[in-house]
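What follows is one structure encoded as structure tokens, with my remarks underneath.
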Amino acid sequence: MGAEERLAALKLELPPAPKPMALYVTALRMGDLVYVSGHGPLKPDGSLIKGKVGADADVELGIAAARQTGLAILATLRDHLGSLDKVVRLVKSLGMVNCTPEFGDQPKVINGYSELMKDVFGAEAGVGVRSAVGMGSLPGGIAVEIEAVFQVKD
């Protein structure tokens, strides 16, 4: 089963592919790698999940924001490649959580994204290397930002 078929079976709705908020591109292909710029938790209606985990947002909101960020990344990949079936594997992800200084469950929050990638691309291809870190703030007050690198085929 390919990624597009898995996405349909999971009944997941992708938001519109995000547009750059400043001077950058959302994805750039170099050989068989696609580098995806930092994405936030963009919902299908165009709104963003905001909040500081450990203050006005709890871990569950953070996990949901990470998952929604993953859906935005998938929208960008599909827009850039034409089909998610061209993804060979997830290589590397950097997950950033807008959180208080004492919050320490960043890996748990970013698992919302990682579990989505595993569900869409499979247990082997959907799990790559990853970092999950806390940030004092993120653009526009979003709860999570994630960037990633994917190996792709033509």
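To be explicit about the labels: the chains of the structure tokens are called A, B, and onward in the order shown, and within each one the residues are counted from 1, while ligands get numbers from 1 in the order they are shown.
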
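Summary of the local environment: counting only C-alpha atoms, residues at most 7 Å from stretch 79-96 of chain A, other than itself and those fewer than 4 positions away along its chain, are Gly2, Ala3, Glu4, Ala17, Ala75, Ile110, Ala125, Gly126, Val127, Gly128, Val129, Arg130, Ser131, Ala132, Val133, Gly134, Met135, Val144, Glu145, Ile146, Glu147, Ala148, Val149, Phe150, Gln151, Val152, Lys153 and Asp154 of chain A.
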
Strand (DSSP E or B) residues, from DSSP on the backbone, in stretch 29-104 of chain A, as a list in words
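Assigned to strand (DSSP E or B), within stretch 29-104 of chain A: Arg29, Met30, Leu33, Val34, Tyr35, Val36, Ser37, Gly38, His39, Leu42, Leu48, Lys50, Val53, Ala57, Val87, Val88, Arg89, Leu90, Val91, Lys92, Ser93, Leu94, Gly95, Met96, Val97, Asn98 and Cys99 of chain A.
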
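Take the candidates A:Val53, A:Tyr113, A:Glu124, A:Gly62 and check each one against A:Pro101 using only C-alpha atoms; the shortest distance goes to A:Val53.
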
DSSP helix (DSSP H, G or I) residues within chain A, listed as a ChimeraX atom specification:
/A:3-9,59-81,84-86,106-121,139-141

Could you dump the residues just selected with C-alpha atoms as a JSON list (two decimals), in the first residue's frame?
```json
[["chain", "number", "residue", "atom", "x", "y", "z"],
["A", 3, "ALA", "CA", 1.34, 6.61, 1.04],
["A", 4, "GLU", "CA", -1.60, 8.09, -0.89],
["A", 5, "GLU", "CA", -3.66, 4.96, -0.26],
["A", 6, "ARG", "CA", -2.72, 4.95, 3.45],
["A", 7, "LEU", "CA", -3.65, 8.64, 3.74],
["A", 8, "ALA", "CA", -7.09, 7.90, 2.23],
["A", 9, "ALA", "CA", -7.58, 4.81, 4.43],
["A", 59, "VAL", "CA", 0.77, 18.19, 26.29],
["A", 60, "GLU", "CA", -2.32, 16.94, 24.42],
["A", 61, "LEU", "CA", -2.65, 20.24, 22.55],
["A", 62, "GLY", "CA", 1.07, 20.04, 21.75],
["A", 63, "ILE", "CA", 0.69, 16.51, 20.37],
["A", 64, "ALA", "CA", -2.30, 17.60, 18.27],
["A", 65, "ALA", "CA", -0.30, 20.59, 17.00],
["A", 66, "ALA", "CA", 2.63, 18.33, 16.04],
["A", 67, "ARG", "CA", 0.28, 16.00, 14.17],
["A", 68, "GLN", "CA", -1.35, 18.95, 12.37],
["A", 69, "THR", "CA", 2.11, 20.25, 11.46],
["A", 70, "GLY", "CA", 2.82, 16.85, 9.92],
["A", 71, "LEU", "CA", -0.32, 17.17, 7.80],
["A", 72, "ALA", "CA", 0.88, 20.58, 6.59],
["A", 73, "ILE", "CA", 4.25, 19.05, 5.67],
["A", 74, "LEU", "CA", 2.46, 16.29, 3.75],
["A", 75, "ALA", "CA", 0.47, 18.96, 1.88],
["A", 76, "THR", "CA", 3.70, 20.68, 0.87],
["A", 77, "LEU", "CA", 5.28, 17.39, -0.22],
["A", 78, "ARG", "CA", 2.25, 16.49, -2.33],
["A", 79, "ASP", "CA", 2.19, 19.98, -3.85],
["A", 80, "HIS", "CA", 5.92, 19.83, -4.61],
["A", 81, "LEU", "CA", 6.11, 16.20, -5.83],
["A", 84, "LEU", "CA", 3.21, 11.28, -1.66],
["A", 85, "ASP", "CA", 3.98, 7.94, -3.31],
["A", 86, "LYS", "CA", 7.24, 9.48, -4.53],
["A", 106, "GLN", "CA", 9.26, 17.81, 23.94],
["A", 107, "PRO", "CA", 9.89, 14.27, 22.57],
["A", 108, "LYS", "CA", 6.37, 13.23, 23.65],
["A", 109, "VAL", "CA", 4.87, 16.26, 21.89],
["A", 110, "ILE", "CA", 6.77, 15.67, 18.64],
["A", 111, "ASN", "CA", 5.63, 12.03, 18.68],
["A", 112, "GLY", "CA", 2.31, 13.40, 17.37],
["A", 113, "TYR", "CA", 4.18, 14.15, 14.14],
["A", 114, "SER", "CA", 6.35, 11.03, 14.17],
["A", 115, "GLU", "CA", 3.39, 8.68, 14.61],
["A", 116, "LEU", "CA", 1.63, 10.35, 11.66],
["A", 117, "MET", "CA", 4.70, 9.87, 9.42],
["A", 118, "LYS", "CA", 4.90, 6.20, 10.45],
["A", 119, "ASP", "CA", 1.19, 5.73, 9.71],
["A", 120, "VAL", "CA", 1.42, 7.37, 6.27],
["A", 121, "PHE", "CA", 4.79, 6.04, 5.03],
["A", 139, "PRO", "CA", 6.48, 32.66, 14.97],
["A", 140, "GLY", "CA", 2.98, 33.99, 15.60],
["A", 141, "GLY", "CA", 2.75, 32.08, 18.89]]
```

As a list in words, please: the residues near A:Gly46 (cut-off 9 Å, only C-alpha atoms, same-chain neighbours under 3 positions excluded).
Pro15, Pro16, Pro18, Leu42 and Lys43 of chain A

Separation of atom CA of A:Ala57 from atom CA of A:Asp105, in Å and rounded to one decimal:
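Going from atom CA of A:Ala57 over to atom CA of A:Asp105, I get 12.8 Å.
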
Atom CA of A:Cys99 to atom CA of A:Pro41, distance in Å rounded to a single decimal
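Rounded to one decimal, the two atoms are 15.0 Å apart.
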
Residues near A:Met21, cut-off 12 Å, only C-alpha atoms, skip fewer than 5 positions along chain, as a PyMOL selection string
chain A and resi 26+37-40+139-140

If we count only C-alpha atoms, what is near A:Ser137 at a cut-off of 10 Å, once residues fewer than 5 positions away on the same chain are taken out, given as a CSV table (one decimal) with N, CA and C atoms, in the first residue's frame?
```
chain,number,residue,atom,x,y,z
A,51,GLY,N,-0.2,28.4,21.2
A,51,GLY,CA,-0.1,28.2,22.6
A,51,GLY,C,1.3,27.9,23.0
A,52,LYS,N,1.6,28.1,24.3
A,52,LYS,CA,2.9,27.7,24.9
A,52,LYS,C,2.6,26.5,25.8
A,96,MET,N,10.3,21.6,17.0
A,96,MET,CA,10.5,22.7,18.0
A,96,MET,C,9.2,22.9,18.7
A,97,VAL,N,9.2,22.9,20.0
A,97,VAL,CA,8.0,23.1,20.8
A,97,VAL,C,8.1,24.4,21.5
A,98,ASN,N,7.0,25.3,21.3
A,98,ASN,CA,6.9,26.5,22.0
A,98,ASN,C,6.5,26.1,23.5
A,99,CYS,N,7.4,26.3,24.4
A,99,CYS,CA,7.2,25.8,25.8
A,99,CYS,C,7.8,26.6,26.8
A,100,THR,N,7.4,26.4,28.1
A,100,THR,CA,8.0,27.1,29.2
A,100,THR,C,9.4,26.5,29.4
A,142,ILE,N,2.7,30.1,17.5
A,142,ILE,CA,2.3,28.7,17.2
A,142,ILE,C,2.9,27.8,18.2
A,143,ALA,N,2.3,26.6,18.4
A,143,ALA,CA,2.7,25.7,19.5
A,143,ALA,C,3.8,24.8,19.0
A,144,VAL,N,4.0,24.5,17.8
A,144,VAL,CA,5.0,23.6,17.2
A,144,VAL,C,5.4,24.1,15.9
```
